[in-house]
Structures are given as structure tokens and as C-alpha cells.
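Source file: entry_11.cif (mmCIF, C-alpha atoms)
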```cif
data_protein
loop_
_atom_site.label_atom_id
_atom_site.label_comp_id
_atom_site.auth_asym_id
_atom_site.auth_seq_id
_atom_site.Cartn_x
_atom_site.Cartn_y
_atom_site.Cartn_z
CA MET W 1 -2.39 -14.00 31.27
CA LYS W 2 -2.91 -15.94 28.04
CA TYR W 3 -4.91 -14.15 25.36
CA GLN W 4 -8.09 -15.87 24.23
CA PRO W 5 -9.03 -15.88 20.54
CA ASN W 6 -11.26 -13.15 19.23
CA PRO W 7 -14.26 -14.89 17.64
CA ASN W 8 -14.14 -12.37 14.80
CA LEU W 9 -10.68 -13.56 13.81
CA THR W 10 -10.50 -17.22 14.83
CA GLY W 11 -12.68 -20.28 14.94
CA PRO W 12 -13.31 -22.51 18.02
CA LYS W 13 -10.11 -23.61 19.75
CA ARG W 14 -11.24 -27.22 20.18
CA SER W 15 -14.34 -29.45 19.76
CA SER W 16 -15.97 -30.97 16.70
CA GLY W 17 -16.11 -27.54 15.03
CA LEU W 18 -12.32 -27.49 14.65
CA LEU W 19 -12.29 -29.03 11.18
CA ALA W 20 -14.79 -26.49 9.85
CA ALA W 21 -12.89 -23.61 11.46
CA ARG W 22 -9.58 -24.77 10.05
CA ALA W 23 -11.14 -25.16 6.61
CA ALA W 24 -12.38 -21.57 6.79
CA MET W 25 -8.97 -20.35 7.93
CA THR W 26 -7.24 -22.26 5.16
CA LEU W 27 -9.54 -20.62 2.59
CA ALA W 28 -8.85 -17.19 4.11
CA ALA W 29 -5.11 -17.79 4.05
CA THR W 30 -5.32 -18.89 0.42
CA CYS W 31 -7.23 -15.72 -0.53
CA TYR W 32 -4.61 -13.58 1.20
CA ALA W 33 -1.82 -15.43 -0.58
CA VAL W 34 -3.38 -14.64 -3.95
CA ALA W 35 -3.92 -11.01 -3.01
CA PHE W 36 -0.35 -10.55 -1.84
CA SER W 37 1.25 -12.83 -4.49
CA ALA W 38 3.03 -14.68 -1.71
CA SER W 39 3.29 -18.33 -0.75
CA VAL W 40 1.07 -19.60 2.07
CA ALA W 41 2.86 -20.09 5.39
CA HIS W 42 1.80 -23.19 7.30
CA ALA W 43 1.48 -23.59 11.05
CA ALA W 44 4.11 -25.60 12.88
CA GLY W 45 2.56 -29.07 13.05
CA THR W 46 0.22 -30.47 15.69
CA ILE W 47 -2.11 -28.01 17.40
CA ALA W 48 -0.85 -26.76 20.77
CA GLY W 49 -2.49 -28.45 23.74
CA THR W 50 -3.03 -31.73 21.91
CA ASP W 51 -2.36 -34.76 24.17
CA ILE W 52 -0.12 -37.41 22.63
CA LEU W 53 -1.05 -40.71 24.31
CA ASN W 54 1.07 -43.87 24.21
CA THR W 55 0.59 -47.25 25.88
CA ALA W 56 2.89 -50.26 25.49
CA GLN W 57 1.78 -53.89 25.58
CA ALA W 58 3.32 -57.16 26.62
CA THR W 59 1.87 -60.47 25.45
CA TYR W 60 2.69 -64.02 26.40
CA ASP W 61 1.14 -67.45 26.31
CA GLY W 62 -0.45 -68.39 29.57
CA PRO W 63 -1.95 -71.74 30.63
CA GLY W 64 -5.32 -70.62 29.39
CA GLY W 65 -4.16 -68.89 26.21
CA PRO W 66 -2.61 -65.54 25.18
CA VAL W 67 -2.28 -62.88 27.88
CA VAL W 68 -2.02 -59.13 27.13
CA ILE W 69 -0.61 -56.73 29.69
CA ASP W 70 -0.85 -52.93 29.15
CA SER W 71 1.73 -50.55 30.48
CA ASN W 72 0.83 -47.28 32.07
CA THR W 73 -0.17 -44.59 29.56
CA VAL W 74 2.32 -41.80 28.96
CA THR W 75 0.66 -38.48 28.10
CA ILE W 76 2.63 -35.66 26.50
CA LYS W 77 0.91 -32.33 25.91
CA VAL W 78 2.12 -30.54 22.77
CA ASP W 79 3.62 -27.15 23.60
CA GLU W 80 2.81 -24.01 21.65
CA LEU W 81 5.38 -22.79 19.15
CA LEU W 82 5.35 -19.02 18.86
CA ASP W 83 6.00 -18.00 15.26
CA VAL W 84 4.85 -15.19 12.95
CA THR W 85 5.60 -13.86 9.49
CA VAL W 86 4.97 -10.36 8.13
CA ALA W 87 4.86 -9.56 4.40
CA SER W 88 4.41 -6.30 2.52
CA GLY W 89 1.24 -6.15 0.46
CA ASP W 90 2.58 -3.44 -1.83
CA PRO W 91 3.99 -4.77 -5.12
CA GLY W 92 6.61 -2.04 -5.43
CA ASP W 93 7.38 1.55 -4.51
CA ILE W 94 4.25 3.59 -3.83
CA ALA W 95 4.21 6.83 -5.80
CA ALA W 96 3.59 9.81 -3.54
CA ASP W 97 3.66 13.59 -3.60
CA SER W 98 5.51 15.74 -1.09
CA GLY W 99 3.12 17.06 1.55
CA ALA W 100 0.55 14.29 1.01
CA THR W 101 -1.19 13.11 4.19
CA GLN W 102 -2.51 9.76 5.41
CA GLN W 103 -0.74 7.72 2.74
CA VAL W 104 -1.34 3.97 3.03
CA THR W 105 1.07 1.05 3.17
CA THR W 106 -0.27 -2.51 3.42
CA TYR W 107 0.98 -5.64 5.19
CA GLN W 108 -0.06 -9.22 5.95
CA VAL W 109 0.55 -10.76 9.36
CA THR W 110 0.31 -14.58 9.50
CA ASN W 111 0.42 -16.80 12.57
CA THR W 112 2.81 -19.61 11.62
CA GLY W 113 2.78 -21.10 15.11
CA ASN W 114 0.58 -23.98 16.23
CA GLY W 115 -1.67 -22.17 18.70
CA SER W 116 -3.95 -19.16 18.83
CA GLU W 117 -1.88 -16.09 19.61
CA ALA W 118 -2.23 -12.34 20.01
CA PHE W 119 0.27 -10.12 18.22
CA ALA W 120 1.43 -6.64 19.21
CA LEU W 121 1.97 -4.27 16.26
CA THR W 122 4.45 -1.43 15.87
CA ALA W 123 5.04 1.03 13.01
CA ASP W 124 8.62 2.17 12.42
CA THR W 125 9.03 5.14 10.08
CA ALA W 126 12.51 6.17 11.24
CA LYS W 127 14.49 3.56 9.33
CA GLY W 128 18.09 4.28 8.48
CA GLY W 129 19.32 4.30 4.92
CA ASP W 130 16.31 5.91 3.26
CA ASP W 131 15.99 9.52 2.12
CA PHE W 132 13.27 10.85 4.43
CA ASP W 133 10.93 9.76 7.21
CA THR W 134 7.16 9.87 7.14
CA SER W 135 5.32 11.13 10.23
CA ASN W 136 2.12 10.77 12.25
CA ALA W 137 1.96 7.01 11.65
CA VAL W 138 -1.19 5.18 12.76
CA ILE W 139 -2.09 1.51 12.36
CA TYR W 140 -5.43 0.10 11.21
CA ILE W 141 -6.74 -3.47 11.13
CA ASP W 142 -8.60 -4.60 8.01
CA THR W 143 -12.03 -5.10 9.57
CA ASN W 144 -13.90 -6.34 6.50
CA ASP W 145 -11.04 -8.50 5.16
CA ASN W 146 -11.09 -6.93 1.69
CA GLY W 147 -7.40 -6.01 1.64
CA VAL W 148 -8.15 -2.33 0.92
CA PHE W 149 -8.13 0.48 3.48
CA ASP W 150 -11.67 1.77 3.99
CA VAL W 151 -12.12 5.04 5.88
CA GLY W 152 -14.68 4.69 8.63
CA VAL W 153 -14.77 0.89 8.32
CA ASP W 154 -11.35 -0.45 9.28
CA THR W 155 -10.41 -0.44 12.96
CA LEU W 156 -7.84 1.86 14.51
CA TYR W 157 -5.28 -0.24 16.36
CA SER W 158 -4.63 0.48 20.04
CA PRO W 159 -1.64 -1.46 21.47
CA GLY W 160 -2.65 -3.83 24.24
CA SER W 161 -6.33 -3.15 23.66
CA ASN W 162 -7.19 -4.84 20.36
CA ASP W 163 -4.07 -6.80 19.46
CA PRO W 164 -5.18 -9.10 16.63
CA VAL W 165 -5.61 -12.72 17.80
CA LEU W 166 -4.90 -15.27 15.10
CA ALA W 167 -5.47 -19.00 15.00
CA PRO W 168 -2.78 -21.19 13.40
CA ASP W 169 -2.40 -20.37 9.68
CA ALA W 170 -4.74 -17.38 9.98
CA SER W 171 -3.74 -14.00 8.55
CA VAL W 172 -4.87 -10.42 8.93
CA THR W 173 -4.23 -7.39 6.74
CA ILE W 174 -2.73 -4.37 8.49
CA PHE W 175 -2.46 -0.80 7.19
CA ILE W 176 -0.09 1.96 8.25
CA LEU W 177 -1.16 5.52 7.42
CA SER W 178 1.49 8.24 7.57
CA ASP W 179 2.26 11.71 6.19
CA ILE W 180 4.84 12.69 3.56
CA PRO W 181 6.93 15.74 4.53
CA VAL W 182 6.67 18.84 2.38
CA ALA W 183 10.46 18.90 2.08
CA ALA W 184 10.61 15.51 0.30
CA THR W 185 11.85 15.92 -3.26
CA ASP W 186 11.52 14.08 -6.53
CA GLY W 187 13.15 10.64 -6.55
CA GLN W 188 13.52 10.31 -2.77
CA ARG W 189 12.35 7.12 -0.99
CA ALA W 190 11.03 6.45 2.51
CA GLU W 191 10.81 3.09 4.28
CA VAL W 192 7.83 2.26 6.49
CA GLU W 193 8.14 -0.94 8.52
CA LEU W 194 5.53 -2.98 10.37
CA LEU W 195 6.67 -5.17 13.25
CA ALA W 196 4.52 -7.93 14.78
CA ALA W 197 5.49 -9.78 17.98
CA ALA W 198 3.74 -12.55 19.91
CA VAL W 199 2.22 -11.10 23.06
CA THR W 200 3.04 -14.27 25.03
CA GLY W 201 6.72 -13.64 24.39
CA ASN W 202 9.49 -13.55 21.82
CA GLY W 203 13.25 -13.74 21.64
CA THR W 204 15.84 -16.42 21.02
CA PRO W 205 14.36 -19.56 19.38
CA GLY W 206 13.86 -22.23 22.01
CA THR W 207 13.07 -19.79 24.82
CA SER W 208 10.27 -21.30 26.93
CA PHE W 209 7.45 -19.61 28.84
CA ALA W 210 6.21 -22.14 31.40
CA GLY W 211 2.48 -22.79 31.43
CA GLN W 212 1.70 -19.98 28.99
CA GLY W 213 1.11 -22.08 25.91
CA ASP W 214 -2.22 -22.45 24.16
CA GLY W 215 -4.01 -25.48 25.67
CA GLY W 216 -2.16 -25.39 28.98
CA GLY W 217 1.35 -26.40 27.99
CA ASP W 218 4.43 -24.29 27.71
CA ALA W 219 4.97 -21.66 25.01
CA VAL W 220 8.24 -22.03 23.09
CA VAL W 221 9.72 -19.41 20.79
CA GLY W 222 9.98 -20.80 17.26
CA SER W 223 12.44 -20.22 14.45
CA THR W 224 11.16 -16.72 13.64
CA GLY W 225 11.88 -15.53 17.17
CA ALA W 226 8.10 -15.00 17.53
CA ASP W 227 8.43 -11.62 15.86
CA GLY W 228 8.57 -10.50 12.26
CA GLU W 229 8.78 -7.37 10.18
CA ALA W 230 8.34 -6.19 6.62
CA SER W 231 8.75 -2.86 4.87
CA SER W 232 6.97 -0.90 2.19
CA PHE W 233 8.46 2.12 0.41
CA PHE W 234 7.20 5.49 -0.76
CA LEU W 235 8.81 7.09 -3.82
CA ILE W 236 8.35 10.78 -4.47
CA GLN W 237 7.34 11.22 -8.08
CA ALA W 238 7.02 14.93 -8.46
CA ALA W 239 6.69 16.95 -11.65
CA GLN W 240 6.93 20.64 -12.51
CA VAL W 241 6.13 22.64 -15.61
CA ALA W 242 8.07 25.48 -17.17
CA LEU W 243 6.17 27.60 -19.69
CA VAL W 244 8.12 29.66 -22.24
CA LYS W 245 6.39 32.08 -24.63
CA SER W 246 7.84 33.55 -27.81
CA ALA W 247 6.50 35.52 -30.78
CA THR W 248 7.29 35.92 -34.46
CA ILE W 249 5.95 38.71 -36.69
CA LEU W 250 5.07 38.66 -40.36
CA ASP W 251 3.97 42.01 -41.81
CA GLN W 252 1.93 42.48 -44.98
CA PHE W 253 5.02 43.61 -46.85
CA GLY W 254 6.91 40.36 -46.29
CA GLY W 255 8.98 41.74 -43.42
CA ASN W 256 8.85 41.39 -39.66
CA GLN W 257 7.78 44.86 -38.55
CA PRO W 258 5.02 45.14 -35.88
CA VAL W 259 2.81 47.46 -37.89
CA PRO W 260 -0.99 47.49 -38.01
CA GLY W 261 -2.13 44.57 -40.12
CA ALA W 262 0.90 42.43 -39.26
CA THR W 263 0.34 38.89 -37.97
CA ILE W 264 1.86 37.79 -34.66
CA THR W 265 2.33 34.05 -34.12
CA TYR W 266 2.68 33.21 -30.47
CA GLN W 267 4.37 29.97 -29.43
CA LEU W 268 3.93 28.43 -25.96
CA VAL W 269 6.27 25.57 -24.98
CA ALA W 270 5.37 23.66 -21.80
CA THR W 271 8.26 21.52 -20.50
CA ILE W 272 7.48 18.99 -17.76
CA THR W 273 10.36 17.88 -15.55
CA GLY W 274 10.62 15.30 -12.78
CA SER W 275 9.78 11.61 -12.52
CA GLY W 276 6.05 12.07 -11.92
CA SER W 277 3.19 13.38 -14.03
CA LEU W 278 1.15 16.55 -14.04
CA THR W 279 -2.57 15.86 -13.99
CA ASN W 280 -5.18 18.01 -15.72
CA LEU W 281 -2.59 20.40 -17.17
CA ASN W 282 -4.25 23.33 -18.93
CA ILE W 283 -2.64 26.21 -20.81
CA THR W 284 -4.47 29.52 -21.28
CA ASP W 285 -3.43 32.81 -22.85
CA ASP W 286 -5.30 36.12 -23.02
CA ILE W 287 -5.55 37.81 -26.40
CA PRO W 288 -3.48 41.03 -26.09
CA ALA W 289 -5.12 44.44 -26.30
CA ASP W 290 -4.95 46.15 -29.68
CA THR W 291 -4.95 42.80 -31.49
CA THR W 292 -7.61 40.57 -33.01
CA TYR W 293 -7.52 36.80 -32.67
CA THR W 294 -7.22 34.84 -35.93
CA ALA W 295 -10.08 32.33 -35.92
CA GLU W 296 -9.20 28.61 -35.86
CA SER W 297 -5.48 29.36 -35.56
CA ILE W 298 -4.71 27.25 -32.47
CA THR W 299 -2.33 24.32 -32.98
CA LEU W 300 -1.00 21.61 -30.64
CA GLU W 301 2.16 19.84 -31.75
CA GLY W 302 1.52 21.27 -35.20
CA ALA W 303 -2.00 19.89 -35.51
CA GLY W 304 -4.90 22.33 -35.86
CA LEU W 305 -7.50 22.66 -33.09
CA THR W 306 -10.96 24.15 -33.30
CA ASP W 307 -12.13 27.18 -31.37
CA SER W 308 -15.21 25.38 -30.01
CA ASP W 309 -15.19 23.96 -26.49
CA ALA W 310 -18.11 21.67 -27.35
CA ASP W 311 -16.10 19.23 -29.46
CA ALA W 312 -13.61 16.52 -28.58
CA ASP W 313 -10.34 18.30 -29.32
CA ALA W 314 -8.24 20.06 -26.69
CA GLY W 315 -8.49 23.65 -27.94
CA SER W 316 -11.01 26.45 -27.44
CA PHE W 317 -11.45 30.21 -27.76
CA ASP W 318 -14.03 32.03 -25.62
CA GLY W 319 -13.75 35.49 -27.15
CA SER W 320 -10.98 36.73 -24.89
CA GLU W 321 -8.51 33.88 -24.38
CA ILE W 322 -7.37 30.65 -25.96
CA ALA W 323 -7.20 27.46 -23.90
CA VAL W 324 -5.65 24.06 -24.52
CA ALA W 325 -6.38 21.10 -22.21
CA LEU W 326 -3.29 18.87 -22.16
CA GLY W 327 -4.58 16.26 -19.70
CA THR W 328 -1.96 14.17 -17.86
CA VAL W 329 1.59 14.80 -19.04
CA PRO W 330 4.53 12.76 -17.66
CA GLY W 331 7.87 14.26 -16.74
CA GLY W 332 10.41 14.48 -19.53
CA GLN W 333 7.91 15.58 -22.19
CA THR W 334 7.06 18.90 -23.83
CA ARG W 335 3.91 20.29 -25.43
CA THR W 336 4.01 23.09 -28.04
CA ILE W 337 1.03 25.37 -28.72
CA THR W 338 0.71 28.17 -31.26
CA PHE W 339 -1.96 30.72 -32.16
CA GLN W 340 -2.14 33.92 -34.16
CA VAL W 341 -3.41 37.47 -33.78
CA THR W 342 -3.42 40.51 -36.08
CA ILE W 343 -2.30 43.94 -34.90
CA ASP W 344 -5.24 46.35 -35.08
#
```

Output the file's structure in the form of C-alpha cells.
Amino acid sequence: MKYQPNPNLTGPKRSSGLLAARAAMTLAATCYAVAFSASVAHAAGTIAGTDILNTAQATYDGPGGPVVIDSNTVTIKVDELLDVTVASGDPGDIAADSGATQQVTTYQVTNTGNGSEAFALTADTAKGGDDFDTSNAVIYIDTNDNGVFDVGVDTLYSPGSNDPVLAPDASVTIFILSDIPVAATDGQRAEVELLAAAVTGNGTPGTSFAGQGDGGGDAVVGSTGADGEASSFFLIQAAQVALVKSATILDQFGGNQPVPGATITYQLVATITGSGSLTNLNITDDIPADTTYTAESITLEGAGLTDSDADADAGSFDGSEIAVALGTVPGGQTRTITFQVTID
């Protein structure tokens, strides 16, 4: 049975409203092209179901003047070409953390055939050649056409139930949500592919489906095979921190003996490794028993910090511990903190 267009996705199939509908679809396709930085794909010529009419004439001079004789009219109904393109909407690798759930990849499906057509969608997360596979993949249709996945707004796709129906040149944004395995490590990539296939049929270009074309003609598989696919990629960008603490002693006699009255300078070196960044990194250190904190002695990368937590700098002292807020620190960098105490 031939799918009929969903009025939420397509305009009228025929009638005087066709020009307005096609204008709206052209605008929508243009907006999608800008959003995805891709060229607009155009439908394959004359709309399916259009009748091409042709009548020949013969003229001659008769006794009473010119005579015109019409031939019979030959009517050819334009068949539907089944074609589709799929493009990734993600500009590059999507940074992800191991163990993250419901991570989004984005795609654009465009009907490049010449008739309204329903398309079946499939997510493939088990591609060969990548480093790991995502799991629990589900597909959503961009209900409000804003190109961004909206929880509770966009429509969960159910194969065979709400296959998107697209008019010629019309596009729809599709999202795949899947989970990143905990075992994925820094620098590994995963491929997530969306496949779209014409519900009427697909296969070798030129394959014909008698009487199943839009408008009553045949449906013929076009150059794309009436199916298409595109991939997006996740890239694990993980980061870890190693914290090393050391101490130097300066006693009041110019030596380095830990006697009462000597000053201990503690140094904390935070080293961030990996290709990602650590967000909201904070370093704290309790003041040891039997020592007294030296006021305003905190430094970060050699620059002094205040003890107050009410000002703009990163340091603070609350009476029992020092704290330094480092913010977001990318992998490959270090941060060095010092502070001083006096042995009681």
C-alpha cells in the first residue's frame, strides 16, 4: 500500500496549493542546508503522477481553405523516482565521556525523488573499524524543526508506525541517542550510522515497482538506490589529575630542621593528563595539627592569593583548610600551589 503524506511534514500533493507548498518546502530545505552547512539536494525533475500530453497536427490546403487535422493524444504519466540522501549534522567528532548516557548524534534526511515518500530509519552502532560501540540506540524525529534535540518534545521513532513522509525536496532532522560504555578510554572513537530507505522499495537503480508510484504510475529506484546513510562519530576526551605534595623546611637558625618556630612551605602540583578537560577542579588541604597557618601565604603559579573567599581570586582560607579553585583545566597542563605554616 502506498504511503500518503503526513500533513505535518508535507504540503498538498496536487491542486492549486502546490506552488505555495513547494515554496514552503524550498524555504525549509534552504534553512536545513544552512544549519548543516551542506548543499541543497534537488528532487529529480517533474513531479510523479504528472501527465505529459502530446498531440500532433496535420495541415493542408483544402478547396475551402486550410484544414487542420489533430492526431490522437498520447498521454504519458511520469513515474516516481525513489531517491534519498542522508547527511550528518555534526561538524566533527563529538566529545564524550566514558559511561555517559543518551548522547546525541544528528542527521538530515532529504527526499531527492520526485514524489512524496515514506522512509524507514535504522540506527547502526556496530560499525567495523572503530574503537568501541555505543549501546541502547533510539531514534527521534525533530518535531519542532529546530535542529536541536528537545527532551519531551521530539518524537520517538517507531519503525513502520511513524516513518517520516517527505515531499520532494523536503528534509527532516533525525537524532540518534545512545550510551557510551564505561570501558571506553581516552582517544577512542565510535561510529554511529543512520540509514534511511524508501518504504515503497529500494535496490538496484532502475528497479521498478508496478503501480506503486506517487500519482498512480510506477515507482522506479533512482541513482541512490532509494536508500542512504551517514555517520557521526564520538571521541572520548577523558582527563585525569595526579596530585603530588612536597614540603620544604626553613628553621629560624637558617637550617632545615623541623623545630618549633620553623616554617614549612607545602607545594601541591596538580598534573592533568588526557585529551579532555577537568571541569570545576578544586584543590583543598587541611592545616596540619601542631602548626599555625601563615596568613595570606597561598600562591598559584607563583602569584599571591588572598585568604578571603569573598573576592575574585581563586584562593581562600576558612580557618582550618586552604582551598584553590582552578576552574576548567585541559589535559597536558599543570597547576602549582604553595602555602606556609609554622610549627607550634

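You will find CA of Thr342 (chain W) at 13.2 Å from CA of Glu296 (chain W).
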
Residues of region 260-301 of chain W that have any atom at most 6 Å from an atom of region 324-333 of chain W: could you tabulate them with the shortest-distance atom pair and the distance in Å to one decimal, using only C-alpha atoms, ordered by chain and increasing number, as a Markdown table?
```
| residue | atom | partner | partner_atom | distance |
| --- | --- | --- | --- | --- |
| W:Ile272 | CA | W:Gly331 | CA | 4.9 |
| W:Thr273 | CA | W:Gly331 | CA | 4.6 |
| W:Gly274 | CA | W:Gly331 | CA | 4.9 |
| W:Ser275 | CA | W:Gly331 | CA | 5.3 |
| W:Gly276 | CA | W:Gly331 | CA | 5.6 |
| W:Ser277 | CA | W:Pro330 | CA | 3.9 |
| W:Leu278 | CA | W:Val329 | CA | 5.3 |
| W:Thr279 | CA | W:Thr328 | CA | 4.3 |
| W:Asn280 | CA | W:Gly327 | CA | 4.4 |
| W:Leu281 | CA | W:Gly327 | CA | 5.2 |
| W:Asn282 | CA | W:Ala325 | CA | 4.5 |
| W:Ile283 | CA | W:Val324 | CA | 5.2 |
```

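One finds CA of Phe209 (chain W) at 13.1 Å from CA of Gly225 (chain W).
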
For the structure provided, state which residues fall under the PyMOL selection byres ((chain W and resi 162) around 10), and present them as a ChimeraX atom specification.
/W:6,118-120,141,155-161,163-165

Let me have the centre and edge lengths of the axis-aligned box enclosing all listed atoms of region 245-263 of chain W with 5 Å padding on every side, in Å to one decimal, as lines of an AutoDock Vina configuration file.
```
center_x = 3.4
center_y = 39.8
center_z = -35.7
size_x = 21.1
size_y = 25.4
size_z = 32.2
```

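CA of Ala170 (chain W) to CA of Thr110 (chain W) spans 5.8 Å [interatomic distance, one decimal].
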
For Thr265 (chain W): contacts at 6 Å, all atoms listed in the file, fewer than 4 positions along chain excluded, given as a list in words
Ala247, Thr248, Phe339 and Gln340 of chain W

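Distance annotation: of W:Gln240, W:Ser246, W:Ser232, W:Gln267, the residue with the minimal separation from Ala95 (chain W) is W:Ser232; atom set is only C-alpha atoms.
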